[in-house]
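Below: one structure, written as structure tokens.
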Number of protein chains: 2
Amino acid sequence: MAQMSESESKKKPFAGLYQSAYYFLPFYGTNAHKKPIFALNKTINMTKVYQNPPQSEWQMILARPASASAPQTAIKQIFDAIQAQGDVALVQYSAEFDKFAGVWPVSEDELLRAGGQLSEALKSAIEVAYQNIKTFHEAELPKQIRRETMAGVVCERRAFGIERVGLYIPGGTAPLFSTVLMLGIPALLAGCEEVVLCTPPQSNGAIHPTILYAAARCGIKKIFKIGGAQAIASMALGTATVPQCYKIFGPGNQWVTSAKQYANGLGVAIDMPAGPSEVLVLADAALPAFVAADLLAQAEHGNDSQVMLVTTNPALPEQVLAEMDRQLKSLPRAHFIQETLKNSCFLLFENKETAIEAVNFYAPEHLIVQSEYEDWYLPRIRNAGSVFIGQWSPESVGDYASGTNHTLPTSGFAKAWSGVSVESFMKFITFQTLSAEGLIAIGPVVEEMAAAESLDAHARAVSIRLAFLNE
Amino acid sequence: MAQMSESESKKKPFAGLYQSAYYFLPFYGTNAHKKPIFALNKTINMTKVYQNPPQSEWQMILARPASASAPQTAIKQIFDAIQAQGDVALVQYSAEFDKFAGVWPVSEDELLRAGGQLSEALKSAIEVAYQNIKTFHEAELPKQIRRETMAGVVCERRAFGIERVGLYIPGGTAPLFSTVLMLGIPALLAGCEEVVLCTPPQSNGAIHPTILYAAARCGIKKIFKIGGAQAIASMALGTATVPQCYKIFGPGNQWVTSAKQYANGLGVAIDMPAGPSEVLVLADAALPAFVAADLLAQAEHGNDSQVMLVTTNPALPEQVLAEMDRQLKSLPRAHFIQETLKNSCFLLFENKETAIEAVNFYAPEHLIVQSEYEDWYLPRIRNAGSVFIGQWSPESVGDYASGTNHTLPTSGFAKAWSGVSVESFMKFITFQTLSAEGLIAIGPVVEEMAAAESLDAHARAVSIRLAFLNE
């Protein structure tokens with residue numbers, strides 16, 4: 001634990017600068033390094049700033065905001081009802097939760113009409129995004145593998161699109177048609193035979209035309225006006241109307257998230273565990289206005305998302321906070337964003353080594369690097385979902401159009417999970433073909449090992465063949 | 001539903017052959033196609049044989065045997081205790097469940113001595129297996145991706161070994177050192193920084209030397225004498241002794257399996273959902289002795305594993321059952337295997353189209369193809385863990401030494417999951433770097449799309465940069 005004495009802390013350029021600062025974690029006692037050192041900005045007064053917090057405190061300081069989950073009993077009830085009654089139960093849930101009791105499947109006509117409701121500018125933008133996402137995801141298509149590991153022992157691996165996949169696209173105020181592209185394009189490239197899309201309708205049964213247009217662009221035909229946990233349950237279990245899917249993708253509220261987790265427990269694959277969105281900006285010699293804009297873009301996602309700044313530049317936190325304050329004023333959803341900033345956290349470190357360690361510890365979904373030490377930092381990144389390098393690479397570029405996927409591991413899951421890719425829509429099968437010569441060569445190895453594991457019938461499956469060849 | 005009248009069923013070569021057959025599912029009524037048609041073999045009398053079962057019955061006929069799971073409350077208790085008390089709780093559980101209260105970490109000396117306890121023949125066999133597994137898994141190492149999706153918009157993807165992974169190796173009567181190789185080699189190739197291995201000790205604290213030898217061969221140094229759910233909880237949560245792991249691999253009993261699932265719910269990745277092992281042999285012009293040997297090898301795994309035969313050759317079921325009967329007599333664990341055969345099921349179909357459909361419906365962990373129509377069948381396989389092609393490719397070859405991985409999706413999970421590979425020990429991070437020109441080109445696309453999703457701050461992160469460039 002890198003303790004710092006009071007006299008030492010006074011030498012830090014930032015220490016003592018804000019004598020009147022209100023410490024958000026007052027129980028932290030007297031060690032300067034444990035305190036948020038700067039938290040006075042009036043407008044965005046929820047941002048906590050720490051100087052050189054020791055590693056033992058990182059777990060607490062870098063904790064994700066708690067996110068709500070739906071009651072397990074209610075989720076189980078929905079699954080049980082749909083398992084037992086199929087569409088009959090689904091009708092009831094749609095009427096109850098989506099306030100919609102019409103026909104679920106989107107008609108071909110609705111799909112065709114969607115394009116007419118979009119501006120040409122938006123359609124062109126979608127086309128550029130589509131092409132970029134396709135270009136990058138095509139490169140992900142896995143290679144076939146074939147190795148003759150010994151003479152006569154040929155091992156292969158081939159990738160196959162998962163036959164039936166389900167995509168969930170949230171409705172609500174902001175129609176997330178970009179997520180349709182981010183899931184639909186890799187599903188198409190993977191060669192999934194059947195792609196099902198569920199999205200909640202408005203109470204008049206309408207789906208936002210941008211969602212329909214994006215789905216049609218990805219060749220998705222089976223679109224259902226179903227939302228929430230009942231949509232996930234339908235895709236997981238299958239009903240007369242909704243085909244059963246082997247893997248379910250997509251974001252959603254806590255009902256959707258909990259339902260996906262429940263489906264996973266039943267043996268249905270899901271894209272990844274869900275959590276609120278987050279960004280970490282690693283910056284030093286950066287334009288504060290750019291850093292502030294990137295942090296605010298993330299804060300816009302919802303009040304449980306998290307925005308972080310890690311820096312070795314003592315002047316930056318204050319400058320960025322001032323810029324956030326300024327920019328916030330002209331944003332339509334300022335009040336909403338301000339609420340989110342209660343989860344924001346700035347960390348000032350003395351050196352790059354500790355800074356990058358904190359980044360890898362946090363394992364951010366989005367990592368923006370605006371540093372004069374870019375070349376030093378980049379090879380040291382170990383845990384992150386997607387990385388945005390340099391001042392001309394704002395995160396929103398990756399959210400929409402650069403080509404990489406925006407469905408990424410949150411909540412530190414980047415330590416073990418990857419973002420969605422073409423491979424997320426595929427699975428591998430291995431194949432092996434032995435010639436008689438191959439079996440003669442490898443057979444005794446298998447017999448020896450099987451005997452050592454006391455698996456006699458395993459050995460026998462080889463011995464009986466070798467005996468036949470010796471006859 | 002391919003119903004078949006009584007007079008039709010008489011035309012089938014197999015129908016009526018066993019007039020006195022006992023029908024295992026007597027509630028099936030009078031339709032011949034619904035009944036097991038041949039079930040008279042005295043010794044292995046639990047095998048059910050069906051002729052042309054209609055697709056509507058497949059779900060029931062091909063159901064996996066129910067497998068036990070550990071009580072959730074007990075699992076939660078173990079996790080809670082280890083979370084709260086760490087090693088203190090672990091000492092108690094080790095004493096209680098493993099009957100061992102010694103030191104957990106395997107010493108360097110124990111590791112070094114292991115090799116001396118193995119025969120030279122076994123060490124050579126392990127070496128051949130090691131090299132084959134390494135050769136094949138090296139080929140899996142993912143490519144780096146770099147695409148300039150538009151001029152000035154560079155997108156990349158790099159693969160990284162997961163920093164800390166945990167392997168669980170069951171103890172018990174048969175030391176599964178082959179699983180050490182199947183997990184240890186890809187972990188090594190993936191570049192995981194820390195590989196932890198837990199395996200239950202005998203009550204004298206000894207670990208079987210084959211397990212230690214295989215672990216040492218894979219460069220694994222952190223081996224702990226800890227078993228069961230407490231081992232999984234320790235790796236998931238971390239204690240003073242056991243490092244916290246981001247992903248946990250390996251087979252085990254229902255306590256281990258339930259603990260892995262519980263850990264997964266806490267946000268720790270696991271290799272795949274677990275289920276009892278299974279094989280499906282797709283055969284027609286095959287030597288019954290070979291087919292029987294492959295089925296028996298699988299049956300040896302435990303009494304909840306499942307062995308299946310799918311054929312279009314009406315003579316084969318009876319021949320294989322006779323052969324199984326004969327071979328069973330000379331196997332040491334005959335009684336044990338016979339018990340497993342209650343889950344065995346033979347399906348005779350009229351045509352290849354239905355046969356392959358049933359195979360893909362079942363999605364077997366292991367699929368053996370011994371068919372004169374191999375060339376027809378192979379390109380139609382969609383769902384399987386690993387496929388063994390031709391009469392010289394018994395499944396046990398893949399269990400030990402051919403080079404492919406033996407940790408495979410059971411229980412139909414092959415519809416969406418792959419077996420363990422090098423990629424299982426890695427995760428991908430995407431990177432994007434835009435030049436000013438790149439941002440000028442793609443910026444308006446992002447602004448347009450963000451506006452359509454009502455995400456103003458997302459658009460702003462681009463606009464503020466474009467404005468700067470225009471100044």
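Ligands are numbered from 1 in the order shown, chains are lettered A, B, ... in the order of the structure tokens, and residues start at 1 in each chain.
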**Item:** Residues near region 294-303 of chain A, cut-off 6 Å, only C-alpha atoms, skip fewer than 3 positions along chain, as a ChimeraX atom specification
**Value:** /A:291,307,337,340 /B:457-458,461
With N, CA and C atoms retained, export the selected residues as an mmCIF file, in the first residue's frame.
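Output (out.cif):
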data_model
loop_
_atom_site.group_PDB
_atom_site.id
_atom_site.type_symbol
_atom_site.label_atom_id
_atom_site.label_comp_id
_atom_site.auth_asym_id
_atom_site.auth_seq_id
_atom_site.Cartn_x
_atom_site.Cartn_y
_atom_site.Cartn_z
ATOM 1 N N VAL A 291 -12.353 15.526 -24.127
ATOM 2 C CA VAL A 291 -12.532 14.551 -23.040
ATOM 3 C C VAL A 291 -13.914 14.731 -22.416
ATOM 4 N N VAL A 307 -18.924 7.008 -15.876
ATOM 5 C CA VAL A 307 -17.885 7.659 -16.681
ATOM 6 C C VAL A 307 -16.664 7.904 -15.791
ATOM 7 N N ILE A 337 -28.471 13.759 -17.622
ATOM 8 C CA ILE A 337 -27.039 13.452 -17.651
ATOM 9 C C ILE A 337 -26.392 13.776 -16.303
ATOM 10 N N THR A 340 -26.610 11.095 -13.884
ATOM 11 C CA THR A 340 -25.681 9.998 -14.139
ATOM 12 C C THR A 340 -24.297 10.288 -13.577
ATOM 13 N N ALA B 457 -25.683 13.961 -27.050
ATOM 14 C CA ALA B 457 -24.307 14.062 -26.561
ATOM 15 C C ALA B 457 -23.381 13.168 -27.403
ATOM 16 N N HIS B 458 -23.933 12.075 -27.939
ATOM 17 C CA HIS B 458 -23.141 11.238 -28.836
ATOM 18 C C HIS B 458 -22.771 12.022 -30.090
ATOM 19 N N ALA B 461 -20.047 14.723 -29.369
ATOM 20 C CA ALA B 461 -18.650 14.297 -29.262
ATOM 21 C C ALA B 461 -17.967 14.342 -30.631
#
What are the nearest atom pairs, with distances in Å to one decimal, for all residues of chain B that come at most 6 Å from chain A, using only C-alpha atoms, set out by chain and rising residue number as CSV?
residue,atom,partner,partner_atom,distance
B:Ala125,CA,A:Val445,CA,4.7
B:Asn132,CA,A:Thr149,CA,5.2
B:Thr149,CA,A:Asn132,CA,5.3
B:Ile162,CA,A:Ala416,CA,5.8
B:Ala174,CA,A:Glu453,CA,4.9
B:Pro175,CA,A:Glu453,CA,5.6
B:Tyr246,CA,A:Ala416,CA,5.8
B:Ala293,CA,A:Ala461,CA,4.9
B:Asp294,CA,A:Ala461,CA,5.6
B:Ala297,CA,A:Ala457,CA,4.4
B:Gly385,CA,A:Ile429,CA,5.5
B:Ser386,CA,A:Thr430,CA,4.7
B:Val387,CA,A:Phe431,CA,4.6
B:Phe388,CA,A:Gln432,CA,5.2
B:Ile389,CA,A:Thr433,CA,5.0
B:Trp392,CA,A:Leu434,CA,5.5
B:Ser393,CA,A:Leu434,CA,5.2
B:Ser396,CA,A:His458,CA,5.5
B:Ala416,CA,A:Ile162,CA,5.8
B:Trp417,CA,A:Lys427,CA,5.6
B:Ser418,CA,A:Lys427,CA,5.0
B:Lys427,CA,A:Ser418,CA,5.0
B:Phe428,CA,A:Ser418,CA,5.1
B:Ile429,CA,A:Gly385,CA,5.5
B:Thr430,CA,A:Ser386,CA,4.7
B:Phe431,CA,A:Val387,CA,4.6
B:Gln432,CA,A:Phe388,CA,5.2
B:Thr433,CA,A:Ile389,CA,5.0
B:Leu434,CA,A:Ser393,CA,5.2
B:Ser435,CA,A:Trp392,CA,6.0
B:Ala436,CA,A:Trp392,CA,5.8
B:Val445,CA,A:Ala125,CA,4.7
B:Glu453,CA,A:Ala174,CA,4.8
B:Ser454,CA,A:Ala174,CA,5.7
B:Ala457,CA,A:Ala297,CA,4.4
B:His458,CA,A:Ala297,CA,4.6
B:Ala461,CA,A:Ala293,CA,4.9
**Request:** Write out as a PyMOL selection string all residues of region 158-197 of chain A that backbone DSSP assigns to strand (DSSP E).
**Result:** chain A and resi 158-161+164-168+194-197
**Request:** Kindly give the distance, in Å, that separates CA of Gln83 (chain B) and CA of Ser107 (chain B), rounded to a single decimal.
**Result:** 25.7 Å
**Item:** Residue neighbourhood Pro276 (chain B), 8 Å, only C-alpha atoms, exclusion window fewer than 5 positions, as an MDAnalysis selection string
**Value:** chainID B and resid 67 302 304:306 410:411
**Message:** So, with only C-alpha atoms as the atoms that count, which of A:Val242, A:Leu181, A:Leu282, A:Met60 lies closest to Thr354 (chain A)?
**Reply:** A:Leu282
**CA of Val180 (chain B) to CA of Ala214 (chain B), straight-line distance in Å** =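 Straight-line distance from CA of Ala214 (chain B) to CA of Val180 (chain B) works out to 6.2 Å.
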**Asked** What separation in Å, quoted to one decimal, exists between CA of Phe224 (chain A) and CA of Ile169 (chain A)?
**Response**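 Between these atoms lies a distance of 10.5 Å.
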